[in-house]
file model-v6.cif (mmCIF, C-alpha atoms)
data_upload
#
loop_
_atom_site.label_atom_id
_atom_site.label_comp_id
_atom_site.auth_asym_id
_atom_site.auth_seq_id
_atom_site.Cartn_x
_atom_site.Cartn_y
_atom_site.Cartn_z
CA MET A 1 33.52 39.24 -7.36
CA ASN A 2 36.16 41.90 -7.93
CA LEU A 3 37.43 43.90 -4.98
CA ASP A 4 39.54 47.04 -5.20
CA LEU A 5 41.06 46.60 -1.73
CA VAL A 6 41.02 44.46 1.39
CA VAL A 7 42.00 46.03 4.72
CA ILE A 8 43.26 43.54 7.32
CA THR A 9 43.98 44.21 10.98
CA GLY A 10 46.33 41.94 12.86
CA ALA A 11 48.21 41.40 9.60
CA GLY A 12 51.65 41.29 11.21
CA ARG A 13 51.49 37.60 11.99
CA GLY A 14 49.25 34.57 12.47
CA ILE A 15 45.89 34.34 10.75
CA GLY A 16 45.87 38.01 9.78
CA ARG A 17 49.14 37.68 7.88
CA ALA A 18 48.04 34.42 6.24
CA ILE A 19 44.84 36.07 4.99
CA ALA A 20 46.79 39.07 3.69
CA LEU A 21 49.12 36.81 1.71
CA GLU A 22 46.21 34.80 0.29
CA ILE A 23 44.18 37.84 -0.75
CA ALA A 24 47.22 39.47 -2.34
CA ASN A 25 47.86 36.22 -4.21
CA CYS A 26 44.36 36.60 -5.67
CA GLY A 27 45.56 39.85 -7.25
CA ILE A 28 43.74 42.17 -4.82
CA PRO A 29 45.60 45.09 -3.19
CA VAL A 30 45.84 44.76 0.59
CA PHE A 31 46.30 47.31 3.35
CA CYS A 32 47.91 45.60 6.33
CA VAL A 33 47.49 47.06 9.82
CA SER A 34 49.13 45.86 13.03
CA LYS A 35 50.61 47.12 16.27
CA SER A 36 53.72 45.09 15.54
CA ASP A 37 56.38 46.29 13.12
CA SER A 38 56.24 42.78 11.62
CA VAL A 39 53.43 44.17 9.47
CA LYS A 40 56.16 45.76 7.36
CA GLU A 41 57.51 42.28 6.72
CA THR A 42 54.06 41.18 5.56
CA GLU A 43 54.01 44.09 3.14
CA ALA A 44 57.51 43.27 1.91
CA ILE A 45 56.63 39.62 1.27
CA ILE A 46 53.64 40.61 -0.81
CA ARG A 47 55.53 43.26 -2.77
CA SER A 48 58.38 40.86 -3.46
CA SER A 49 55.91 38.65 -5.35
CA GLY A 50 54.87 41.56 -7.54
CA LYS A 51 51.54 42.17 -5.79
CA ILE A 52 50.20 45.42 -4.31
CA ALA A 53 50.38 46.09 -0.57
CA ASP A 54 50.60 48.94 1.88
CA SER A 55 50.96 48.78 5.64
CA LEU A 56 50.58 50.83 8.79
CA ILE A 57 51.93 50.24 12.29
CA LEU A 58 48.99 51.23 14.49
CA ASP A 59 47.84 50.45 18.01
CA LEU A 60 44.09 49.92 17.63
CA GLY A 61 43.74 50.43 21.37
CA ASP A 62 44.31 54.13 20.66
CA TYR A 63 41.01 54.49 18.88
CA GLU A 64 41.25 58.27 18.41
CA ARG A 65 44.50 57.84 16.48
CA THR A 66 43.01 54.87 14.65
CA LYS A 67 40.12 56.99 13.41
CA TYR A 68 42.48 59.74 12.27
CA GLU A 69 45.12 57.53 10.61
CA ILE A 70 42.67 55.32 8.71
CA GLY A 71 40.50 58.24 7.64
CA ASN A 72 43.57 60.12 6.44
CA TRP A 73 44.87 57.08 4.55
CA ILE A 74 41.66 56.26 2.70
CA LYS A 75 40.87 59.85 1.68
CA ASN A 76 43.94 59.88 -0.56
CA LYS A 77 43.02 56.60 -2.29
CA ASN A 78 40.55 55.81 -5.05
CA TYR A 79 39.46 52.38 -3.81
CA ARG A 80 35.70 51.79 -4.08
CA ARG A 81 34.83 48.13 -3.55
CA ILE A 82 36.37 47.39 -0.18
CA GLY A 83 36.60 44.29 1.99
CA VAL A 84 37.62 44.40 5.66
CA VAL A 85 39.00 41.66 7.92
CA LEU A 86 39.09 42.57 11.62
CA ALA A 87 41.55 39.95 12.88
CA ALA A 88 43.53 41.95 15.45
CA SER A 89 43.15 40.59 18.99
CA VAL A 90 44.82 40.67 22.37
CA LEU A 91 44.25 37.85 24.85
CA GLY A 92 45.00 39.43 28.19
CA SER A 93 46.21 37.55 31.23
CA LYS A 94 44.69 34.61 33.04
CA PHE A 95 41.67 35.89 34.94
CA GLU A 96 41.83 35.90 38.73
CA ILE A 97 38.57 37.14 40.18
CA GLU A 98 40.26 38.12 43.45
CA ASN A 99 42.58 40.47 41.54
CA PHE A 100 40.24 42.05 39.03
CA ASN A 101 42.27 44.33 36.76
CA PRO A 102 40.04 46.95 35.08
CA ALA A 103 42.96 48.44 33.12
CA GLU A 104 43.60 45.10 31.44
CA TRP A 105 39.92 44.66 30.65
CA ALA A 106 39.91 48.13 29.09
CA GLU A 107 42.93 47.25 26.94
CA VAL A 108 41.33 44.04 25.69
CA MET A 109 38.03 45.77 24.91
CA ASN A 110 39.75 48.74 23.27
CA VAL A 111 41.63 46.53 20.81
CA ASN A 112 39.31 43.60 20.15
CA LEU A 113 36.07 45.55 19.97
CA ILE A 114 36.39 49.33 19.90
CA GLY A 115 39.64 49.61 17.96
CA ASN A 116 38.68 47.15 15.25
CA PHE A 117 35.28 48.74 14.72
CA THR A 118 36.75 52.24 14.86
CA LEU A 119 38.92 51.25 11.91
CA LEU A 120 35.84 49.94 10.12
CA GLY A 121 33.97 53.13 10.99
CA ALA A 122 36.67 55.22 9.32
CA LEU A 123 36.20 53.22 6.11
CA LEU A 124 32.42 53.06 6.14
CA PRO A 125 31.69 56.48 4.60
CA ARG A 126 33.54 55.39 1.45
CA MET A 127 31.90 51.96 1.52
CA ILE A 128 28.40 53.37 2.01
CA ASP A 129 28.93 55.92 -0.76
CA ASN A 130 29.66 53.01 -3.07
CA LYS A 131 26.93 50.79 -1.61
CA PHE A 132 29.27 47.85 -1.16
CA GLY A 133 31.23 46.02 1.52
CA ARG A 134 32.41 42.60 2.66
CA ILE A 135 33.29 42.55 6.37
CA ILE A 136 34.63 39.76 8.58
CA ALA A 137 35.14 40.26 12.33
CA PHE A 138 36.84 37.54 14.36
CA SER A 139 35.01 36.14 17.34
CA GLY A 140 36.75 33.40 19.29
CA GLY A 141 36.90 31.36 22.46
CA GLY A 142 34.20 32.35 24.90
CA SER A 143 31.85 34.00 22.41
CA ALA A 144 29.69 30.88 22.27
CA TYR A 145 30.20 29.57 25.80
CA ALA A 146 31.73 30.44 29.16
CA TYR A 147 35.51 30.93 29.06
CA PRO A 148 36.40 32.10 32.57
CA ILE A 149 40.16 31.61 32.26
CA PHE A 150 40.22 34.56 29.80
CA SER A 151 37.12 36.45 30.89
CA ALA A 152 38.01 39.81 29.34
CA TYR A 153 38.77 38.19 26.00
CA SER A 154 35.54 36.20 26.17
CA ALA A 155 33.50 39.32 26.93
CA SER A 156 35.10 41.26 24.08
CA LYS A 157 34.50 38.50 21.54
CA THR A 158 30.88 38.08 22.61
CA ALA A 159 30.45 41.81 22.07
CA VAL A 160 31.99 41.43 18.60
CA VAL A 161 29.27 38.92 17.68
CA ARG A 162 26.46 41.25 18.72
CA THR A 163 28.11 44.21 17.01
CA VAL A 164 28.27 42.21 13.77
CA GLU A 165 24.57 41.44 14.10
CA ASN A 166 23.77 45.12 14.61
CA PHE A 167 26.01 46.34 11.76
CA ALA A 168 24.49 43.80 9.39
CA GLU A 169 20.98 45.01 10.18
CA ILE A 170 21.96 48.63 9.54
CA LEU A 171 24.04 48.04 6.43
CA LYS A 172 21.57 45.77 4.63
CA GLU A 173 19.53 48.89 3.84
CA LYS A 174 22.54 50.68 2.40
CA GLY A 175 23.66 48.44 -0.44
CA ASP A 176 25.39 45.18 -1.20
CA PHE A 177 26.88 44.46 2.21
CA ALA A 178 27.73 41.17 3.89
CA VAL A 179 29.01 40.99 7.46
CA ALA A 180 30.02 37.89 9.42
CA ALA A 181 31.52 37.02 12.80
CA LEU A 182 33.95 34.15 12.30
CA ALA A 183 35.07 31.72 14.97
CA PRO A 184 38.31 30.58 13.31
CA GLY A 185 38.89 27.54 15.49
CA ALA A 186 42.04 26.86 17.50
CA VAL A 187 44.86 27.58 15.05
CA GLU A 188 48.47 26.99 16.07
CA THR A 189 49.50 30.61 16.51
CA ASP A 190 51.45 32.56 19.13
CA MET A 191 48.14 33.35 20.83
CA LEU A 192 47.24 29.66 21.11
CA LYS A 193 50.64 28.97 22.64
CA LYS A 194 49.84 31.57 25.29
CA VAL A 195 46.42 30.02 25.88
CA LYS A 196 48.02 26.63 26.45
CA SER A 197 50.71 28.08 28.72
CA PHE A 198 47.99 29.28 31.10
CA GLY A 199 46.53 25.79 31.31
CA ALA A 200 43.46 26.28 29.12
CA GLU A 201 42.13 23.10 27.52
CA VAL A 202 42.33 22.92 23.73
CA LYS A 203 40.37 19.89 22.50
CA THR A 204 40.89 20.21 18.77
CA THR A 205 42.90 22.42 16.44
CA VAL A 206 42.31 23.48 12.86
CA ASP A 207 44.80 24.20 10.12
CA ILE A 208 45.34 27.87 9.37
CA SER A 209 44.12 27.20 5.82
CA GLU A 210 40.55 26.85 7.12
CA PRO A 211 39.98 30.46 8.27
CA VAL A 212 42.06 31.67 5.30
CA ASN A 213 39.78 29.78 2.90
CA PHE A 214 36.70 31.20 4.60
CA ALA A 215 38.06 34.74 4.29
CA ARG A 216 38.84 34.31 0.60
CA GLU A 217 35.49 32.74 -0.27
CA PHE A 218 33.47 35.23 1.80
CA LEU A 219 35.28 38.32 0.55
CA LEU A 220 34.96 37.24 -3.08
CA SER A 221 31.33 36.11 -2.86
CA ASP A 222 28.70 37.65 -5.11
CA VAL A 223 25.92 36.83 -2.64
CA CYS A 224 26.00 35.85 1.02
CA ASN A 225 22.75 34.77 2.64
CA PHE A 226 24.13 34.53 6.19
CA SER A 227 25.09 38.15 6.71
CA GLY A 228 24.91 38.99 10.39
CA ARG A 229 25.55 35.41 11.47
CA PHE A 230 28.10 34.02 13.88
CA VAL A 231 29.83 31.25 11.93
CA HIS A 232 32.33 28.64 13.04
CA VAL A 233 34.92 27.83 10.40
CA ARG A 234 33.69 24.22 10.38
CA ASP A 235 30.03 25.07 9.96
CA VAL A 236 28.54 24.19 6.58
CA TRP A 237 28.94 27.74 5.31
CA LYS A 238 30.12 27.32 1.73
CA GLU A 239 26.72 26.28 0.37
CA HIS A 240 25.32 29.58 1.67
CA LEU A 241 27.68 31.73 -0.40
CA ASN A 242 26.56 32.75 -3.89
CA ASN A 243 23.13 31.43 -2.92
CA GLU A 244 20.15 33.80 -2.89
CA ASN A 245 17.82 31.43 -1.02
CA GLU A 246 16.92 32.37 2.51
CA ILE A 247 18.30 30.14 5.26
CA ASP A 248 15.51 28.19 6.93
CA ASN A 249 15.63 29.27 10.57
CA ASN A 250 14.30 25.85 11.53
CA ASP A 251 17.31 24.26 9.87
CA LYS A 252 20.13 22.75 11.92
CA TRP A 253 22.53 25.37 10.53
CA LYS A 254 22.18 28.08 13.17
CA LEU A 255 24.32 30.40 15.20
CA ARG A 256 26.74 28.30 17.22
CA ARG A 257 25.89 30.18 20.37
CA ILE A 258 22.30 28.89 20.41
CA GLU A 259 22.95 25.33 19.30
CA LYS A 260 22.22 22.64 21.89
#
call {"tool": "encode", "arguments": {"input": "model-v6.cif", "output": "structure tokens"}}
result
Amino acid sequence: MNLDLVVITGAGRGIGRAIALEIANCGIPVFCVSKSDSVKETEAIIRSSGKIADSLILDLGDYERTKYEIGNWIKNKNYRRIGVVLAASVLGSKFEIENFNPAEWAEVMNVNLIGNFTLLGALLPRMIDNKFGRIIAFSGGGSAYAYPIFSAYSASKTAVVRTVENFAEILKEKGDFAVAALAPGAVETDMLKKVKSFGAEVKTTVDISEPVNFAREFLLSDVCNFSGRFVHVRDVWKEHLNNENEIDNNDKWKLRRIEK
């Protein structure tokens, strides 16, 4: 599968940056978006290797500006076959029910859910015109189970899963689209360090190569028969790429959130 462009949010560091570097190494231009100015470093690393990259410092929590900036950027480009990785996330503070902070909940929702999908929405007219798209949105801790220590984060990531399901249903009538919600596992990033500092239990970790490999394989797939699914990075997902057979809904391979 040849892509003209992959747009990656949260590309300033962590998993987002690792995916940007991997996709660029595959010879695909990348557009790196992050609130942090470290996204410029990501761009510089890619360009220094002779690959194509652009970047934008953008606070996705400001979704009106996000819509304007992304729409303005893409209208001046000729990219047609576009992939999107929505990796940007904020964790928020440890939840204390006695001191409910609606402003913090709004910030978490505005970035993790509304901001990421606003960016996607600004790209979708081009993608729908060309009847093609590969889209990954990151779910995470609390989207498959209760995660009270970071309740706002959990709520936002659960909403991401349902939004992926809804987008997949709509887009399947509009062309060759595949959409997935990925639980990347506990990767040793700055966010995981913050999780641990608040006393959250982390039973197992995964190497950053695992979500990076998923992103590469999914974005470059000719066929994906689990579009709309919520997938953990350690699910048996690879056999369902480039496979036109329908997944048996009675099979063990199901959405993590309904497994017993």
call {"tool": "resolve_selection", "arguments": {"input": "model-v6.cif", "expression": "the PyMOL selection byres ((chain A and resi 137-147) around 7)", "output": "NGL selection string"}}
result
:A and (85-87 or 135-136 or 148-151 or 154 or 157-158 or 160-161 or 180-184 or 256-257)
call {"tool": "closest_residue", "arguments": {"input": "model-v6.cif", "among": "A:Ala106, A:Ala44, A:Val179, A:Leu171", "to": "Arg134 in chain A", "atoms": "only C-alpha atoms"}}
result
A:Val179
call {"tool": "resolve_selection", "arguments": {"input": "model-v6.cif", "expression": "the PyMOL selection byres ((chain A and resi 42) around 12)", "output": "MDAnalysis selection string"}}
result
chainID A and resid 8:22 24 30:34 36:41 43:49 51:57
call {"tool": "write_last_selection", "arguments": {"input": "model-v6.cif", "atoms": "C-alpha atoms", "output": "PDB file, in the coordinates of the input"}}
result
ATOM      1  CA  ILE A   8      43.260  43.540   7.320  1.00  0.00           C
ATOM      2  CA  THR A   9      43.980  44.210  10.980  1.00  0.00           C
ATOM      3  CA  GLY A  10      46.330  41.940  12.860  1.00  0.00           C
ATOM      4  CA  ALA A  11      48.210  41.400   9.600  1.00  0.00           C
ATOM      5  CA  GLY A  12      51.650  41.290  11.210  1.00  0.00           C
ATOM      6  CA  ARG A  13      51.490  37.600  11.990  1.00  0.00           C
ATOM      7  CA  GLY A  14      49.250  34.570  12.470  1.00  0.00           C
ATOM      8  CA  ILE A  15      45.890  34.340  10.750  1.00  0.00           C
ATOM      9  CA  GLY A  16      45.870  38.010   9.780  1.00  0.00           C
ATOM     10  CA  ARG A  17      49.140  37.680   7.880  1.00  0.00           C
ATOM     11  CA  ALA A  18      48.040  34.420   6.240  1.00  0.00           C
ATOM     12  CA  ILE A  19      44.840  36.070   4.990  1.00  0.00           C
ATOM     13  CA  ALA A  20      46.790  39.070   3.690  1.00  0.00           C
ATOM     14  CA  LEU A  21      49.120  36.810   1.710  1.00  0.00           C
ATOM     15  CA  GLU A  22      46.210  34.800   0.290  1.00  0.00           C
ATOM     16  CA  ALA A  24      47.220  39.470  -2.340  1.00  0.00           C
ATOM     17  CA  VAL A  30      45.840  44.760   0.590  1.00  0.00           C
ATOM     18  CA  PHE A  31      46.300  47.310   3.350  1.00  0.00           C
ATOM     19  CA  CYS A  32      47.910  45.600   6.330  1.00  0.00           C
ATOM     20  CA  VAL A  33      47.490  47.060   9.820  1.00  0.00           C
ATOM     21  CA  SER A  34      49.130  45.860  13.030  1.00  0.00           C
ATOM     22  CA  SER A  36      53.720  45.090  15.540  1.00  0.00           C
ATOM     23  CA  ASP A  37      56.380  46.290  13.120  1.00  0.00           C
ATOM     24  CA  SER A  38      56.240  42.780  11.620  1.00  0.00           C
ATOM     25  CA  VAL A  39      53.430  44.170   9.470  1.00  0.00           C
ATOM     26  CA  LYS A  40      56.160  45.760   7.360  1.00  0.00           C
ATOM     27  CA  GLU A  41      57.510  42.280   6.720  1.00  0.00           C
ATOM     28  CA  GLU A  43      54.010  44.090   3.140  1.00  0.00           C
ATOM     29  CA  ALA A  44      57.510  43.270   1.910  1.00  0.00           C
ATOM     30  CA  ILE A  45      56.630  39.620   1.270  1.00  0.00           C
ATOM     31  CA  ILE A  46      53.640  40.610  -0.810  1.00  0.00           C
ATOM     32  CA  ARG A  47      55.530  43.260  -2.770  1.00  0.00           C
ATOM     33  CA  SER A  48      58.380  40.860  -3.460  1.00  0.00           C
ATOM     34  CA  SER A  49      55.910  38.650  -5.350  1.00  0.00           C
ATOM     35  CA  LYS A  51      51.540  42.170  -5.790  1.00  0.00           C
ATOM     36  CA  ILE A  52      50.200  45.420  -4.310  1.00  0.00           C
ATOM     37  CA  ALA A  53      50.380  46.090  -0.570  1.00  0.00           C
ATOM     38  CA  ASP A  54      50.600  48.940   1.880  1.00  0.00           C
ATOM     39  CA  SER A  55      50.960  48.780   5.640  1.00  0.00           C
ATOM     40  CA  LEU A  56      50.580  50.830   8.790  1.00  0.00           C
ATOM     41  CA  ILE A  57      51.930  50.240  12.290  1.00  0.00           C
TER      42      ILE A  57
END
call {"tool": "resolve_selection", "arguments": {"input": "model-v6.cif", "expression": "the PyMOL selection byres ((chain A and resi 75) around 12)", "output": "ChimeraX atom specification"}}
result
/A:68-74,76-80,122-127
call {"tool": "closest_residue", "arguments": {"input": "model-v6.cif", "among": "A:Lys35, A:Lys94, A:Lys174, A:Lys131", "to": "Asn116 in chain A", "atoms": "all atoms listed in the file"}}
result
A:Lys35
call {"tool": "atom_distance", "arguments": {"input": "model-v6.cif", "atom1": "CA of Glu98 in chain A", "atom2": "CA of Asn110 in chain A"}}
result
22.8 Å
call {"tool": "residues_around", "arguments": {"input": "model-v6.cif", "residues": "Lys172 in chain A", "least_positions_apart": "3", "cutoff": "12 Å", "atoms": "all atoms listed in the file", "output": "CSV table (one decimal) with C-alpha atoms, in the coordinates of the input"}}
result
chain,number,residue,atom,x,y,z
A,128,ILE,CA,28.4,53.4,2.0
A,131,LYS,CA,26.9,50.8,-1.6
A,132,PHE,CA,29.3,47.8,-1.2
A,133,GLY,CA,31.2,46.0,1.5
A,134,ARG,CA,32.4,42.6,2.7
A,164,VAL,CA,28.3,42.2,13.8
A,165,GLU,CA,24.6,41.4,14.1
A,166,ASN,CA,23.8,45.1,14.6
A,167,PHE,CA,26.0,46.3,11.8
A,168,ALA,CA,24.5,43.8,9.4
A,169,GLU,CA,21.0,45.0,10.2
A,175,GLY,CA,23.7,48.4,-0.4
A,176,ASP,CA,25.4,45.2,-1.2
A,177,PHE,CA,26.9,44.5,2.2
A,178,ALA,CA,27.7,41.2,3.9
A,179,VAL,CA,29.0,41.0,7.5
A,224,CYS,CA,26.0,35.8,1.0
A,225,ASN,CA,22.8,34.8,2.6
A,226,PHE,CA,24.1,34.5,6.2
A,227,SER,CA,25.1,38.2,6.7
A,228,GLY,CA,24.9,39.0,10.4
call {"tool": "atom_distance", "arguments": {"input": "model-v6.cif", "atom1": "CA of Ala88 in chain A", "atom2": "CA of Leu58 in chain A"}}
result
10.8 Å
call {"tool": "closest_residue", "arguments": {"input": "model-v6.cif", "among": "A:Leu119, A:Val108, A:Val7, A:Val212", "to": "Arg65 in chain A", "atoms": "only C-alpha atoms"}}
result
A:Leu119
call {"tool": "atom_distance", "arguments": {"input": "model-v6.cif", "atom1": "CA of Lys238 in chain A", "atom2": "CA of Thr163 in chain A"}}
result
22.9 Å
call {"tool": "residues_near_point", "arguments": {"input": "model-v6.cif", "point": "(39.0, 55.3, 17.5)", "cutoff": "6 Å", "atoms": "all atoms listed in the file", "output": "PDB file with C-alpha atoms, in the coordinates of the input"}}
result
ATOM      1  CA  TYR A  63      41.010  54.490  18.880  1.00  0.00           C
ATOM      2  CA  GLU A  64      41.250  58.270  18.410  1.00  0.00           C
ATOM      3  CA  THR A  66      43.010  54.870  14.650  1.00  0.00           C
ATOM      4  CA  LYS A  67      40.120  56.990  13.410  1.00  0.00           C
ATOM      5  CA  GLY A 115      39.640  49.610  17.960  1.00  0.00           C
ATOM      6  CA  THR A 118      36.750  52.240  14.860  1.00  0.00           C
TER       7      THR A 118
END
call {"tool": "decode", "arguments": {"input": "model-v6.cif", "residues": "range 69-86 of chain A", "atoms": "N, CA and C atoms", "output": "PDB file, in the first residue's frame"}}
result
ATOM      1  N   GLU A  69      -6.142  25.719  11.307  1.00  0.00           N
ATOM      2  CA  GLU A  69      -4.745  25.495  10.935  1.00  0.00           C
ATOM      3  C   GLU A  69      -4.591  24.255  10.050  1.00  0.00           C
ATOM      4  N   ILE A  70      -5.270  23.176  10.391  1.00  0.00           N
ATOM      5  CA  ILE A  70      -5.140  21.946   9.610  1.00  0.00           C
ATOM      6  C   ILE A  70      -5.820  22.102   8.252  1.00  0.00           C
ATOM      7  N   GLY A  71      -6.992  22.723   8.234  1.00  0.00           N
ATOM      8  CA  GLY A  71      -7.669  22.965   6.963  1.00  0.00           C
ATOM      9  C   GLY A  71      -6.855  23.855   6.047  1.00  0.00           C
ATOM     10  N   ASN A  72      -6.212  24.866   6.623  1.00  0.00           N
ATOM     11  CA  ASN A  72      -5.387  25.778   5.833  1.00  0.00           C
ATOM     12  C   ASN A  72      -4.138  25.077   5.311  1.00  0.00           C
ATOM     13  N   TRP A  73      -3.566  24.183   6.129  1.00  0.00           N
ATOM     14  CA  TRP A  73      -2.359  23.463   5.716  1.00  0.00           C
ATOM     15  C   TRP A  73      -2.653  22.512   4.566  1.00  0.00           C
ATOM     16  N   ILE A  74      -3.699  21.711   4.692  1.00  0.00           N
ATOM     17  CA  ILE A  74      -3.961  20.682   3.698  1.00  0.00           C
ATOM     18  C   ILE A  74      -4.439  21.272   2.374  1.00  0.00           C
ATOM     19  N   LYS A  75      -5.090  22.420   2.383  1.00  0.00           N
ATOM     20  CA  LYS A  75      -5.621  22.966   1.130  1.00  0.00           C
ATOM     21  C   LYS A  75      -4.512  23.374   0.167  1.00  0.00           C
ATOM     22  N   ASN A  76      -3.321  23.599   0.686  1.00  0.00           N
ATOM     23  CA  ASN A  76      -2.203  23.996  -0.156  1.00  0.00           C
ATOM     24  C   ASN A  76      -1.313  22.820  -0.552  1.00  0.00           C
ATOM     25  N   LYS A  77      -1.742  21.597  -0.230  1.00  0.00           N
ATOM     26  CA  LYS A  77      -0.984  20.393  -0.535  1.00  0.00           C
ATOM     27  C   LYS A  77      -1.748  19.535  -1.542  1.00  0.00           C
ATOM     28  N   ASN A  78      -1.013  18.653  -2.198  1.00  0.00           N
ATOM     29  CA  ASN A  78      -1.622  17.787  -3.205  1.00  0.00           C
ATOM     30  C   ASN A  78      -1.791  16.348  -2.740  1.00  0.00           C
ATOM     31  N   TYR A  79      -1.584  16.092  -1.462  1.00  0.00           N
ATOM     32  CA  TYR A  79      -1.669  14.728  -0.947  1.00  0.00           C
ATOM     33  C   TYR A  79      -3.078  14.168  -1.128  1.00  0.00           C
ATOM     34  N   ARG A  80      -3.157  12.898  -1.542  1.00  0.00           N
ATOM     35  CA  ARG A  80      -4.439  12.253  -1.793  1.00  0.00           C
ATOM     36  C   ARG A  80      -4.688  11.066  -0.867  1.00  0.00           C
ATOM     37  N   ARG A  81      -3.762  10.143  -0.835  1.00  0.00           N
ATOM     38  CA  ARG A  81      -3.931   8.937  -0.012  1.00  0.00           C
ATOM     39  C   ARG A  81      -3.305   9.201   1.353  1.00  0.00           C
ATOM     40  N   ILE A  82      -4.161   9.436   2.330  1.00  0.00           N
ATOM     41  CA  ILE A  82      -3.710   9.966   3.615  1.00  0.00           C
ATOM     42  C   ILE A  82      -3.983   8.975   4.742  1.00  0.00           C
ATOM     43  N   GLY A  83      -2.988   8.813   5.611  1.00  0.00           N
ATOM     44  CA  GLY A  83      -3.157   8.089   6.859  1.00  0.00           C
ATOM     45  C   GLY A  83      -3.089   9.065   8.020  1.00  0.00           C
ATOM     46  N   VAL A  84      -3.757   8.743   9.114  1.00  0.00           N
ATOM     47  CA  VAL A  84      -3.816   9.630  10.280  1.00  0.00           C
ATOM     48  C   VAL A  84      -3.603   8.797  11.535  1.00  0.00           C
ATOM     49  N   VAL A  85      -2.730   9.285  12.417  1.00  0.00           N
ATOM     50  CA  VAL A  85      -2.496   8.652  13.723  1.00  0.00           C
ATOM     51  C   VAL A  85      -2.785   9.692  14.796  1.00  0.00           C
ATOM     52  N   LEU A  86      -3.823   9.448  15.580  1.00  0.00           N
ATOM     53  CA  LEU A  86      -4.244  10.380  16.630  1.00  0.00           C
ATOM     54  C   LEU A  86      -3.665   9.906  17.959  1.00  0.00           C
TER      55      LEU A  86
END
